[in-house]
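Shown here: final32.txt, compact mmCIF, C-alpha atoms and all ligand atoms.
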# COMPACT_ATOMS: atom_id res chain seq x y z
CA MET A 1 -10.58 8.51 -4.26
CA LYS A 2 -9.57 11.49 -2.16
CA ASP A 3 -7.02 9.82 0.10
CA LEU A 4 -5.53 13.15 1.20
CA ALA A 5 -8.74 15.16 1.56
CA GLY A 6 -8.31 17.95 4.09
CA LYS A 7 -4.52 17.72 4.18
CA HIS A 8 -2.40 20.78 3.53
CA ILE A 9 1.02 19.91 2.18
CA VAL A 10 3.93 22.30 1.88
CA LEU A 11 5.82 20.84 -1.07
CA GLY A 12 9.46 21.87 -1.01
CA LEU A 13 11.71 21.49 -4.04
CA SER A 14 15.48 21.57 -3.73
CA GLY A 15 17.80 21.42 -6.74
CA GLY A 16 17.84 18.24 -8.79
CA ILE A 17 16.70 16.85 -12.09
CA ALA A 18 13.94 15.02 -10.21
CA CYS A 19 12.15 18.40 -10.00
CA TYR A 20 10.29 17.31 -13.12
CA LYS A 21 8.67 14.55 -11.04
CA ALA A 22 7.68 17.11 -8.40
CA ALA A 23 5.38 18.70 -10.97
CA GLU A 24 3.48 15.48 -11.38
CA LEU A 25 3.55 14.84 -7.64
CA CYS A 26 1.96 18.24 -7.08
CA ARG A 27 -0.85 17.32 -9.48
CA ALA A 28 -1.30 13.95 -7.86
CA LEU A 29 -1.52 15.49 -4.38
CA ILE A 30 -4.19 17.90 -5.56
CA LYS A 31 -6.10 15.10 -7.27
CA ALA A 32 -5.95 13.17 -3.99
CA GLY A 33 -7.73 16.06 -2.27
CA ALA A 34 -4.78 17.89 -0.66
CA THR A 35 -4.04 21.59 -0.90
CA VAL A 36 -0.44 22.29 -1.85
CA GLN A 37 1.81 25.25 -1.13
CA VAL A 38 5.03 25.06 -3.12
CA VAL A 39 8.31 26.43 -1.77
CA MET A 40 11.40 26.25 -3.99
CA THR A 41 15.09 26.80 -3.43
CA GLU A 42 17.12 28.86 -5.87
CA ALA A 43 18.73 25.66 -7.18
CA ALA A 44 15.29 24.09 -7.83
CA GLY A 45 14.57 27.10 -10.03
CA GLN A 46 17.38 25.97 -12.33
CA PHE A 47 15.38 22.82 -13.11
CA ILE A 48 11.74 23.90 -13.16
CA THR A 49 10.06 27.29 -13.01
CA PRO A 50 7.81 28.62 -10.26
CA VAL A 51 5.33 29.38 -13.05
CA THR A 52 4.83 25.66 -13.67
CA MET A 53 4.46 24.89 -9.99
CA GLN A 54 2.07 27.80 -9.46
CA ALA A 55 -0.13 26.64 -12.33
CA LEU A 56 -0.23 23.09 -10.95
CA SER A 57 -0.74 24.00 -7.29
CA GLY A 58 -3.09 26.91 -7.92
CA ARG A 59 -1.13 29.06 -5.45
CA PRO A 60 1.75 31.53 -5.76
CA VAL A 61 5.09 29.83 -5.17
CA PHE A 62 7.44 31.12 -2.44
CA THR A 63 11.17 31.12 -3.04
CA SER A 64 12.61 33.72 -0.69
CA GLN A 65 12.59 34.36 3.02
CA TRP A 66 12.38 38.06 2.20
CA ASP A 67 9.11 37.64 0.29
CA ALA A 68 6.71 40.17 1.85
CA ARG A 69 3.52 38.75 0.31
CA THR A 70 0.77 37.55 2.63
CA ALA A 71 1.66 34.00 3.64
CA GLY A 72 -0.59 31.63 5.57
CA GLY A 73 -3.01 34.51 6.06
CA ALA A 74 -0.47 36.71 7.86
CA ASP A 75 1.14 39.96 6.78
CA ASN A 76 4.17 40.00 9.06
CA ASN A 77 6.78 39.25 6.38
CA MET A 78 7.62 35.89 7.98
CA PRO A 79 6.82 33.28 5.34
CA HIS A 80 9.05 30.72 7.07
CA ILE A 81 6.77 30.80 10.11
CA ASN A 82 3.41 31.31 8.47
CA LEU A 83 3.75 28.74 5.71
CA SER A 84 4.90 25.97 8.02
CA ARG A 85 2.29 26.56 10.75
CA GLU A 86 -0.62 25.68 8.51
CA ALA A 87 0.97 22.51 7.07
CA ASP A 88 -0.02 18.93 7.91
CA ALA A 89 3.41 17.98 6.58
CA ILE A 90 6.37 19.53 4.82
CA VAL A 91 7.38 17.23 1.98
CA VAL A 92 10.71 17.96 0.33
CA ALA A 93 10.77 16.25 -3.07
CA PRO A 94 13.38 16.21 -4.41
CA ALA A 95 15.62 16.43 -1.35
CA SER A 96 19.14 16.85 -2.73
CA ALA A 97 22.27 15.62 -0.94
CA ASP A 98 23.25 19.22 -0.30
CA PHE A 99 19.85 20.15 1.08
CA MET A 100 19.85 17.20 3.47
CA ALA A 101 23.37 18.07 4.64
CA LYS A 102 22.16 21.57 5.33
CA LEU A 103 19.11 20.42 7.29
CA LEU A 104 21.28 18.14 9.34
CA HIS A 105 23.29 21.06 10.62
CA GLY A 106 20.24 23.21 11.28
CA ARG A 107 21.40 25.73 8.72
CA ALA A 108 18.75 28.08 7.47
CA ASP A 109 20.00 30.45 4.79
CA ASP A 110 17.05 30.12 2.41
CA LEU A 111 13.29 29.94 2.84
CA LEU A 112 12.92 26.16 2.56
CA SER A 113 15.65 25.24 5.05
CA LEU A 114 14.54 28.06 7.34
CA MET A 115 10.99 26.76 7.24
CA CYS A 116 12.12 23.18 8.00
CA LEU A 117 14.09 24.42 11.00
CA ALA A 118 11.29 26.67 12.21
CA ARG A 119 8.56 24.04 11.99
CA PRO A 120 6.96 22.86 15.24
CA LEU A 121 8.50 19.39 15.62
CA GLU A 122 5.46 17.84 17.27
CA SER A 123 2.78 18.99 14.87
CA VAL A 124 4.43 19.48 11.48
CA PRO A 125 6.21 16.35 10.28
CA LEU A 126 9.00 16.57 7.72
CA VAL A 127 9.12 14.01 4.91
CA LEU A 128 12.14 13.89 2.63
CA ALA A 129 12.27 12.18 -0.77
CA PRO A 130 15.98 11.97 -1.60
CA ALA A 131 17.15 12.23 -5.21
CA MET A 132 20.74 12.04 -6.34
CA ASN A 133 23.43 10.19 -8.25
CA ARG A 134 24.16 6.70 -6.93
CA GLU A 135 27.69 7.59 -5.74
CA MET A 136 26.34 10.59 -3.86
CA TRP A 137 23.62 8.40 -2.30
CA SER A 138 25.98 5.65 -1.18
CA HIS A 139 28.63 8.08 0.09
CA PRO A 140 29.16 7.62 3.83
CA ALA A 141 28.46 11.33 4.38
CA THR A 142 24.99 11.04 2.82
CA GLN A 143 24.19 7.79 4.61
CA ARG A 144 25.33 9.34 7.90
CA ASN A 145 23.14 12.36 7.22
CA VAL A 146 20.11 10.20 6.43
CA GLU A 147 20.55 8.31 9.67
CA GLN A 148 20.91 11.50 11.69
CA LEU A 149 17.95 13.17 10.00
CA ARG A 150 15.83 10.14 10.93
CA ALA A 151 17.11 10.35 14.49
CA ASP A 152 16.13 14.02 14.48
CA GLY A 153 12.55 13.07 13.61
CA ALA A 154 12.41 13.41 9.83
CA THR A 155 10.90 10.66 7.71
CA VAL A 156 13.42 9.91 4.98
CA LEU A 157 11.81 7.84 2.24
CA ASP A 158 13.59 5.15 0.26
CA VAL A 159 15.13 5.89 -3.08
CA GLY A 160 14.35 4.12 -6.34
CA VAL A 161 16.76 2.02 -8.35
CA GLY A 162 17.39 2.33 -12.06
CA ASP A 163 18.75 4.54 -14.80
CA GLN A 164 19.88 7.97 -13.70
CA ALA A 165 19.93 11.25 -15.59
CA CYS A 166 23.75 11.21 -15.50
CA GLY A 167 23.77 7.99 -17.53
CA GLU A 168 24.71 5.77 -14.61
CA SER A 169 22.42 3.19 -13.07
CA GLY A 170 21.82 2.35 -9.42
CA ASP A 171 20.23 3.57 -6.19
CA GLY A 172 19.38 7.22 -5.72
CA ARG A 173 16.53 8.07 -8.08
CA MET A 174 13.62 9.84 -6.46
CA LEU A 175 10.56 7.60 -6.08
CA GLU A 176 7.97 8.00 -8.83
CA PRO A 177 5.03 10.36 -8.16
CA ASP A 178 2.58 7.47 -7.65
CA GLU A 179 4.98 5.84 -5.20
CA LEU A 180 5.38 9.11 -3.31
CA LEU A 181 1.61 9.54 -3.21
CA TYR A 182 1.31 6.05 -1.74
CA GLU A 183 4.03 6.81 0.83
CA LEU A 184 2.24 9.99 1.90
CA THR A 185 -1.13 8.25 2.14
CA ARG A 186 0.56 5.60 4.27
CA PHE A 187 2.31 8.27 6.32
CA PHE A 188 -1.03 9.75 7.36
CA THR A 189 -2.66 6.36 8.09
CA PRO A 190 -2.82 5.46 11.80
CA LYS A 191 -0.60 2.43 12.36
CA VAL A 192 -3.25 0.23 13.95
CA LEU A 193 -1.54 -2.99 12.80
CA ALA A 194 2.03 -1.99 13.67
CA GLY A 195 4.02 -5.00 14.79
CA HIS A 196 1.68 -7.47 13.07
CA HIS A 197 2.61 -9.77 10.22
CA VAL A 198 -0.45 -10.10 8.02
CA LEU A 199 -0.77 -12.96 5.55
CA VAL A 200 -3.30 -12.50 2.76
CA SER A 201 -4.36 -15.02 0.13
CA ALA A 202 -5.92 -13.63 -3.04
CA GLY A 203 -7.17 -14.52 -6.48
CA PRO A 204 -8.31 -17.80 -8.00
CA THR A 205 -6.44 -21.08 -8.10
CA PHE A 206 -5.69 -22.96 -11.30
CA GLU A 207 -6.17 -26.71 -11.27
CA ALA A 208 -4.34 -28.29 -14.19
CA ILE A 209 -6.03 -30.89 -16.37
CA ASP A 210 -3.02 -31.29 -18.64
CA PRO A 211 0.00 -29.07 -19.46
CA VAL A 212 -2.15 -26.57 -21.40
CA ARG A 213 -5.59 -26.74 -19.80
CA GLY A 214 -7.05 -26.25 -16.40
CA LEU A 215 -9.94 -25.19 -14.21
CA THR A 216 -10.10 -21.79 -12.63
CA ASN A 217 -12.71 -19.20 -11.61
CA LEU A 218 -13.53 -15.54 -12.13
CA SER A 219 -11.92 -14.16 -8.96
CA SER A 220 -9.93 -11.05 -9.94
CA GLY A 221 -7.85 -10.89 -6.75
CA LYS A 222 -8.73 -7.19 -6.35
CA MET A 223 -10.22 -7.53 -2.86
CA GLY A 224 -7.26 -9.49 -1.50
CA PHE A 225 -4.76 -7.10 -3.08
CA ALA A 226 -6.64 -4.14 -1.59
CA ILE A 227 -6.53 -5.81 1.85
CA ALA A 228 -2.79 -6.35 1.50
CA ARG A 229 -2.32 -2.67 0.65
CA ALA A 230 -4.58 -1.48 3.47
CA ALA A 231 -2.76 -3.67 6.01
CA HIS A 232 0.58 -2.27 4.86
CA GLU A 233 -0.74 1.30 5.09
CA ALA A 234 -1.78 0.42 8.65
CA GLY A 235 1.79 -0.47 9.57
CA ALA A 236 1.81 -4.26 9.18
CA GLN A 237 4.42 -6.38 7.51
CA VAL A 238 2.40 -8.03 4.73
CA THR A 239 2.85 -11.20 2.68
CA LEU A 240 0.47 -11.78 -0.19
CA VAL A 241 0.03 -15.26 -1.59
CA ALA A 242 -1.56 -14.78 -4.99
CA GLY A 243 -3.15 -17.18 -7.43
CA PRO A 244 -2.77 -16.42 -11.14
CA VAL A 245 -3.75 -12.75 -11.54
CA ALA A 246 -2.02 -9.95 -13.43
CA LEU A 247 -2.44 -7.27 -10.74
CA PRO A 248 0.55 -5.14 -9.69
CA THR A 249 1.96 -5.93 -6.25
CA PRO A 250 1.04 -3.23 -3.73
CA ARG A 251 4.09 -1.20 -2.68
CA GLY A 252 5.92 -2.60 0.33
CA VAL A 253 4.09 -5.94 0.20
CA GLY A 254 5.93 -9.25 -0.23
CA ARG A 255 4.29 -11.43 -2.88
CA ILE A 256 4.46 -15.14 -3.56
CA ASN A 257 2.74 -16.42 -6.70
CA VAL A 258 1.10 -19.83 -6.60
CA LYS A 259 -1.07 -21.78 -9.01
CA SER A 260 -3.04 -24.67 -7.59
CA ALA A 261 -4.90 -25.06 -4.30
CA LEU A 262 -2.26 -27.52 -3.16
CA ASN A 263 0.55 -25.04 -3.98
CA MET A 264 -1.35 -22.36 -2.13
CA GLN A 265 -1.91 -24.58 0.88
CA LYS A 266 1.76 -25.54 1.13
CA THR A 267 2.86 -21.91 1.01
CA LEU A 268 0.21 -20.63 3.41
CA ASN A 269 0.79 -23.42 5.92
CA VAL A 270 4.45 -22.44 6.22
CA LEU A 271 3.72 -18.71 6.56
CA ALA A 272 0.90 -19.33 9.03
CA GLN A 273 3.51 -20.57 11.48
CA THR A 274 4.94 -17.07 11.89
CA CYS A 275 2.30 -14.48 10.97
CA SER A 276 -0.21 -13.02 13.41
CA VAL A 277 -3.20 -12.40 11.11
CA PHE A 278 -4.38 -14.50 8.16
CA VAL A 279 -6.98 -13.12 5.76
CA SER A 280 -8.13 -15.82 3.39
CA ALA A 281 -9.56 -13.90 0.45
CA ALA A 282 -8.56 -16.39 -2.25
CA ALA A 283 -11.25 -18.18 -4.22
CA VAL A 284 -9.77 -21.63 -3.82
CA ALA A 285 -11.13 -24.24 -6.23
CA ASP A 286 -13.28 -26.75 -4.38
CA TRP A 287 -12.20 -29.63 -6.60
CA ARG A 288 -9.25 -30.55 -8.78
CA PRO A 289 -8.96 -33.17 -11.52
CA ALA A 290 -8.18 -36.51 -9.92
CA SER A 291 -5.08 -36.75 -12.08
CA GLU A 292 -3.13 -34.30 -14.23
CA ALA A 293 -2.21 -35.68 -17.66
CA THR A 294 1.51 -35.26 -18.29
CA GLN A 295 0.89 -34.64 -21.99
CA LYS A 296 -1.78 -32.62 -23.76
CA ILE A 297 -4.96 -34.68 -24.07
CA LYS A 298 -5.46 -35.00 -27.84
CA LYS A 299 -8.69 -34.90 -29.78
CA ASP A 300 -8.55 -38.11 -31.82
CA GLY A 301 -11.35 -37.35 -34.31
CA SER A 302 -13.60 -40.12 -33.02
CA GLY A 303 -15.96 -37.71 -31.31
CA ASP A 304 -15.21 -39.32 -27.94
CA VAL A 305 -14.84 -36.84 -25.10
CA PRO A 306 -12.44 -37.34 -22.22
CA THR A 307 -13.93 -38.17 -18.87
CA LEU A 308 -12.74 -36.03 -16.01
CA SER A 309 -13.08 -37.11 -12.44
CA PHE A 310 -12.45 -34.86 -9.50
CA ILE A 311 -11.27 -34.97 -5.95
CA GLU A 312 -11.96 -32.38 -3.29
CA ASN A 313 -9.28 -29.87 -2.43
CA PRO A 314 -8.32 -29.48 1.21
CA ASP A 315 -9.96 -26.57 3.02
CA ILE A 316 -6.87 -24.43 3.58
CA LEU A 317 -8.52 -21.92 5.87
CA ALA A 318 -10.23 -24.51 8.07
CA GLY A 319 -6.90 -26.33 8.42
CA ILE A 320 -5.03 -23.19 9.47
CA ALA A 321 -7.86 -22.10 11.78
CA ALA A 322 -7.61 -25.47 13.53
CA SER A 323 -3.84 -25.15 14.05
CA ALA A 324 -2.40 -24.77 17.53
CA ARG A 325 -1.30 -21.17 16.85
CA ALA A 326 -4.77 -20.12 15.76
CA GLN A 327 -6.40 -21.98 18.62
CA SER A 328 -4.08 -20.33 21.14
CA GLY A 329 -4.90 -16.86 19.81
CA ALA A 330 -1.42 -16.23 18.36
CA LEU A 331 -2.92 -16.21 14.86
CA TYR A 332 -6.18 -14.42 14.05
CA CYS A 333 -7.98 -15.92 11.03
CA VAL A 334 -10.44 -14.12 8.76
CA GLY A 335 -12.41 -16.01 6.12
CA PHE A 336 -14.40 -14.87 3.13
CA ALA A 337 -17.63 -16.25 1.75
CA ALA A 338 -18.97 -15.50 -1.69
CA GLU A 339 -22.64 -16.42 -1.76
CA SER A 340 -25.42 -15.91 -4.26
CA HIS A 341 -28.31 -15.61 -1.76
CA ASP A 342 -29.21 -15.73 1.96
CA LEU A 343 -25.89 -14.11 2.78
CA VAL A 344 -26.41 -13.66 6.53
CA GLN A 345 -27.43 -17.23 7.15
CA HIS A 346 -24.77 -18.79 4.93
CA ALA A 347 -22.03 -16.57 6.31
CA GLN A 348 -22.93 -17.38 9.90
CA THR A 349 -22.96 -21.11 9.21
CA LYS A 350 -19.69 -20.90 7.30
CA ARG A 351 -17.96 -18.99 10.09
CA VAL A 352 -18.71 -21.77 12.53
CA ARG A 353 -17.86 -24.51 10.04
CA LYS A 354 -14.50 -22.96 9.20
CA GLY A 355 -13.75 -22.26 12.86
CA VAL A 356 -12.79 -18.60 12.32
CA PRO A 357 -13.57 -15.68 14.62
CA LEU A 358 -14.45 -13.35 11.71
CA LEU A 359 -16.02 -14.13 8.37
CA VAL A 360 -16.57 -11.60 5.61
CA GLY A 361 -19.56 -12.31 3.39
CA ASN A 362 -20.22 -10.87 -0.04
CA ILE A 363 -22.45 -11.64 -2.99
CA GLY A 364 -20.25 -13.45 -5.53
CA PRO A 365 -21.74 -12.21 -8.80
CA ASP A 366 -21.67 -8.62 -7.43
CA THR A 367 -17.98 -8.68 -6.59
CA PHE A 368 -16.03 -10.91 -8.99
CA GLY A 369 -13.99 -8.63 -11.24
CA GLN A 370 -15.67 -5.44 -9.94
CA ASP A 371 -13.86 -2.45 -8.46
CA ASP A 372 -16.42 -2.07 -5.73
CA ASN A 373 -18.24 -4.37 -3.39
CA ALA A 374 -20.37 -4.50 -0.23
CA LEU A 375 -19.38 -6.61 2.77
CA LEU A 376 -21.11 -8.26 5.66
CA LEU A 377 -18.92 -8.95 8.68
CA VAL A 378 -19.99 -11.86 10.84
CA ASP A 379 -18.46 -12.65 14.22
CA GLU A 380 -19.62 -14.18 17.48
CA GLN A 381 -21.36 -10.93 18.46
CA GLY A 382 -23.42 -10.60 15.30
CA THR A 383 -23.23 -8.86 11.93
CA THR A 384 -21.92 -5.53 10.67
CA GLU A 385 -22.64 -4.21 7.19
CA LEU A 386 -20.00 -2.30 5.24
CA PRO A 387 -22.05 -0.60 2.51
CA ARG A 388 -21.08 -0.58 -1.15
CA ALA A 389 -17.81 1.25 -1.78
CA SER A 390 -14.55 0.73 -3.65
CA LYS A 391 -12.63 -2.38 -2.65
CA LEU A 392 -9.82 -0.22 -1.24
CA VAL A 393 -12.22 1.73 0.98
CA LEU A 394 -13.77 -1.54 2.19
CA ALA A 395 -10.33 -3.08 2.71
CA ARG A 396 -9.36 -0.13 4.93
CA GLN A 397 -12.55 -0.53 6.94
CA LEU A 398 -11.93 -4.26 7.27
CA VAL A 399 -8.39 -3.58 8.49
CA GLN A 400 -9.82 -1.28 11.18
CA GLU A 401 -12.25 -4.02 12.20
CA ILE A 402 -9.45 -6.58 12.36
CA ALA A 403 -7.27 -4.19 14.37
CA ARG A 404 -10.07 -3.81 16.94
CA ARG A 405 -10.07 -7.59 17.41
CA VAL A 406 -6.33 -8.35 17.63
CA PRO A 407 -3.90 -7.38 20.37
CA ARG A 408 -2.02 -4.10 19.91
CA THR A 409 1.66 -4.86 19.65
CA ALA A 410 4.47 -2.53 20.56
CA ALA A 411 6.36 -1.86 17.34
O1 LIG A 501 -16.26 -22.95 1.44
P1 LIG A 501 -16.01 -21.68 0.73
O2 LIG A 501 -15.22 -21.83 -0.52
O3 LIG A 501 -17.24 -20.85 0.48
O4 LIG A 501 -15.16 -20.84 1.79
C1 LIG A 501 -14.59 -19.62 1.47
C2 LIG A 501 -13.46 -19.33 2.43
O5 LIG A 501 -12.64 -20.47 2.65
C3 LIG A 501 -12.52 -18.31 1.85
O6 LIG A 501 -11.93 -17.60 2.92
C4 LIG A 501 -11.51 -19.15 1.10
O7 LIG A 501 -10.28 -18.48 0.93
C5 LIG A 501 -11.38 -20.37 2.00
N1 LIG A 501 -11.17 -21.65 1.31
C6 LIG A 501 -10.01 -22.38 1.57
N2 LIG A 501 -9.81 -23.59 0.98
C7 LIG A 501 -10.73 -24.13 0.17
C8 LIG A 501 -11.91 -23.42 -0.09
C9 LIG A 501 -12.09 -22.18 0.49
O8 LIG A 501 -9.16 -21.89 2.32
N3 LIG A 501 -10.50 -25.30 -0.38
Translate the structure described by the file into structure tokens.
Ligand code: C5P
Amino acid sequence: MKDLAGKHIVLGLSGGIACYKAAELCRALIKAGATVQVVMTEAAGQFITPVTMQALSGRPVFTSQWDARTAGGADNNMPHINLSREADAIVVAPASADFMAKLLHGRADDLLSLMCLARPLESVPLVLAPAMNREMWSHPATQRNVEQLRADGATVLDVGVGDQACGESGDGRMLEPDELLYELTRFFTPKVLAGHHVLVSAGPTFEAIDPVRGLTNLSSGKMGFAIARAAHEAGAQVTLVAGPVALPTPRGVGRINVKSALNMQKTLNVLAQTCSVFVSAAAVADWRPASEATQKIKKDGSGDVPTLSFIENPDILAGIAASARAQSGALYCVGFAAESHDLVQHAQTKRVRKGVPLLVGNIGPDTFGQDDNALLLVDEQGTTELPRASKLVLARQLVQEIARRVPRTAA
């Protein structure tokens, strides 16, 4: 998926061992559809060569403010102006402690710092991905600089935690290339859900029969996880309540794992008291065994089979949709319906039965476990089709649709 199609990124490298990750980041940006112009400081050249970065970006690398080559289509020997004017963002990764200190003071004695200073503040955002030893990162001077750089309009990304090249362990590693790619995709996403707290349920539930057996279903959780990611990209605080699935947690999303429908209900009911949007994408089991055996049910060789009896699980969504917060409009509820036929009719009936303003219908066998899907949105006004696409693309469209229906908050 070309999340950064049409974006032109000036990728700046200052000196640090994390330069090796910048090579992969450059590749990832290009794969995501961006064009990339690399600018390196002299110190960065101690860690990785311009040849590598040129090969990966497909463009000559600039390292000096005295470089007279044509830059940004202009021949005026001003690469610091020309390269920055055509950028959708300048991304400095790695941003060393020294480089950030320099930016803070508006110093400009090499091409990269000169370009950062000369960029039009309104139209060319600056994103910094710090990378340094943990003591350097936690030093009051660095922390002060980070704060001031943010106040000056730069976006300073978080650092990672873990083993460092120096042999120490702690905060200060540069984020991994896939994390940086996510942060940049998020950076360019309009924050239509800023100020909202979005609660998403996802995946199947597991209804225990005994300590080793249970009933579940084929929901993969992919749609709910994609919605959680899309809501976070759109600026929301997101909590994901997930049934048993092995999917990685989307970056920036809080996750609570649950097993049974009753577990899920308890968790969601608490969170529904404070969130502003609830998207119920979980495939909650309709029934659970009437009782859970405390010990494994043994086969006794007689050929007799155990008899299971069931009781109905509570309808979590309908319960939350009937709550005072949802009824007053403080909580906007979105339901899902997986049907096998007559989608429009079933989805419309289900929306009314569940008491939700928006219901998202899909064909169950076409979506369970798949990476793509097609959705039918049903609300009071009628239906809207979201044609077949990847679940992430659909999740982003659904987030837009939700944002159109909830109040904009100042955040
Ligand atoms: O009734 P049905 O299972 O088709 O409804 C699907 C919608 O209701 C989904 O949004 C699902 O998360 C929710 N649901 C629920 N509790 C149940 C069953 C379904 O919240 N027990």
inquiry  = Set the distance at 10 Å and use all atoms listed in the file: which residues neighbour Ala318 (chain A) once local chain neighbours fewer than 5 positions away are removed? I'd like the list as number ranges by chain.
reply    = A: 323, 333, 335, 351-356
Sorted by chain and rising residue number, list the residues of chain A at most 7 Å from ligand LIG 501 (chain A) (counting only C-alpha atoms and all ligand atoms), each with its closest atom pair and distance in Å to one decimal, as JSON lines.
{"residue": "A:Ser201", "atom": "CA", "partner": "A:LIG501", "partner_atom": "O7", "distance": 6.9}
{"residue": "A:Ala261", "atom": "CA", "partner": "A:LIG501", "partner_atom": "N3", "distance": 6.8}
{"residue": "A:Ser280", "atom": "CA", "partner": "A:LIG501", "partner_atom": "O7", "distance": 4.2}
{"residue": "A:Ala281", "atom": "CA", "partner": "A:LIG501", "partner_atom": "O7", "distance": 4.7}
{"residue": "A:Ala282", "atom": "CA", "partner": "A:LIG501", "partner_atom": "O7", "distance": 4.2}
{"residue": "A:Ala283", "atom": "CA", "partner": "A:LIG501", "partner_atom": "O7", "distance": 5.2}
{"residue": "A:Val284", "atom": "CA", "partner": "A:LIG501", "partner_atom": "C8", "distance": 4.7}
{"residue": "A:Ala285", "atom": "CA", "partner": "A:LIG501", "partner_atom": "N3", "distance": 6.0}
{"residue": "A:Asp286", "atom": "CA", "partner": "A:LIG501", "partner_atom": "N3", "distance": 5.1}
{"residue": "A:Asn313", "atom": "CA", "partner": "A:LIG501", "partner_atom": "N3", "distance": 5.2}
{"residue": "A:Pro314", "atom": "CA", "partner": "A:LIG501", "partner_atom": "N3", "distance": 5.0}
{"residue": "A:Asp315", "atom": "CA", "partner": "A:LIG501", "partner_atom": "N2", "distance": 3.6}
{"residue": "A:Ile316", "atom": "CA", "partner": "A:LIG501", "partner_atom": "O8", "distance": 3.6}
{"residue": "A:Leu317", "atom": "CA", "partner": "A:LIG501", "partner_atom": "O8", "distance": 3.6}
{"residue": "A:Ala318", "atom": "CA", "partner": "A:LIG501", "partner_atom": "O8", "distance": 6.4}
{"residue": "A:Val334", "atom": "CA", "partner": "A:LIG501", "partner_atom": "O6", "distance": 7.0}
{"residue": "A:Gly335", "atom": "CA", "partner": "A:LIG501", "partner_atom": "O6", "distance": 3.6}
{"residue": "A:Phe336", "atom": "CA", "partner": "A:LIG501", "partner_atom": "O6", "distance": 3.7}
{"residue": "A:Ala337", "atom": "CA", "partner": "A:LIG501", "partner_atom": "C1", "distance": 4.5}
{"residue": "A:Ala338", "atom": "CA", "partner": "A:LIG501", "partner_atom": "O3", "distance": 6.0}
remark   = Computed gap from CA of Thr185 (chain A) to CA of Gly58 (chain A) is 21.3 Å
request  = Work out how far apart CA of Phe99 (chain A) and CA of Ala22 (chain A) are and give it in Å to one decimal.
outcome  =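 These two atoms are separated by 15.7 Å.
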task = Within 8 Å of Val253 (chain A), counting all atoms listed in the file, which residues show up once you throw out same-chain ones fewer than 4 positions away? Write them as a list of chain:residue names, please.
result =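 Listing them by chain and then by number gives A:Ala228, A:Arg229, A:His232, A:Gln237, A:Val238, A:Thr239, A:Leu240, A:Thr249.
Nearest to Gly224 (chain A) of all the residues A:Glu42, A:Asp379, A:Glu385, A:Asp371 is A:Asp371, based on only C-alpha atoms.
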task = Find the residue from A:His105, A:Arg85, A:Lys391, A:Lys222 that sits nearest to Ser123 (chain A); use only C-alpha atoms when measuring.
result = A:Arg85
key: CA of Val277 (chain A) to CA of Ser260 (chain A), distance in Å rounded to a single decimal   =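 Taking CA of Val277 (chain A) and CA of Ser260 (chain A), their separation equals 22.4 Å.
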message = So that I can check the surroundings of Gly214 (chain A), please list as an MDAnalysis selection string every protein, DNA and RNA residue that reaches within 10 Å of it, counting only C-alpha atoms and ignoring chain neighbours fewer than 2 positions away.
response = chainID A and resid 205:212 216 260 288:289 292
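Taking only C-alpha atoms into account, Leu4 (chain A) lies nearest to A:Leu184 out of the set A:Ala395, A:Leu184, A:Leu121, A:Ala330.
With only C-alpha atoms as the atoms that count, the residue of A:Met174, A:Gln295, A:Arg134, A:Glu122 with the shortest distance to Gly153 (chain A) is A:Glu122.
Taking all atoms listed in the file, the non-local environment of Leu375 (chain A) within 8 Å (same-chain residues fewer than 5 positions away omitted) comprises Val360, Gly361, Asn362, Glu385, Leu386, Pro387, Arg388 and Leu394 of chain A.
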task = Would you mind telling me which residue in A:Lys296, A:Ala118, A:Leu180, A:Glu380 lies nearest to Thr349 (chain A) when using all atoms listed in the file?
result =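 The answer is A:Glu380, which sits nearest to Thr349 (chain A).
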Kindly compute an axis-aligned box around the listed atoms of region 34-49 of chain A, allowing 6 Å on each side, and express its centre and edge lengths in Å to one decimal as JSON.
{"center_x": 7.0, "center_y": 23.4, "center_z": -6.9, "size_x": 35.5, "size_y": 23.0, "size_z": 24.5}
message = Residues within 7 Å of Asn145 (chain A), please, as number ranges by chain. Count all atoms listed in the file; anything in the same chain fewer than 6 positions from it doesn't count.
response = A: 100-101, 104
query = A:Leu398, A:Ile9, A:Ala89, A:Met115: which is nearest Ser64 (chain A), counting only C-alpha atoms?
reply =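 Between A:Leu398, A:Ile9, A:Ala89, A:Met115, the residue approaching Ser64 (chain A) most closely is A:Met115.
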Distance query 6 Å from (3.7, -16.7, -5.6) using all atoms listed in the file, result as a list in words =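 Applying the cut-off with all atoms listed in the file, one gets Val241, Ala242, Arg255, Ile256, Asn257 and Val258 of chain A.
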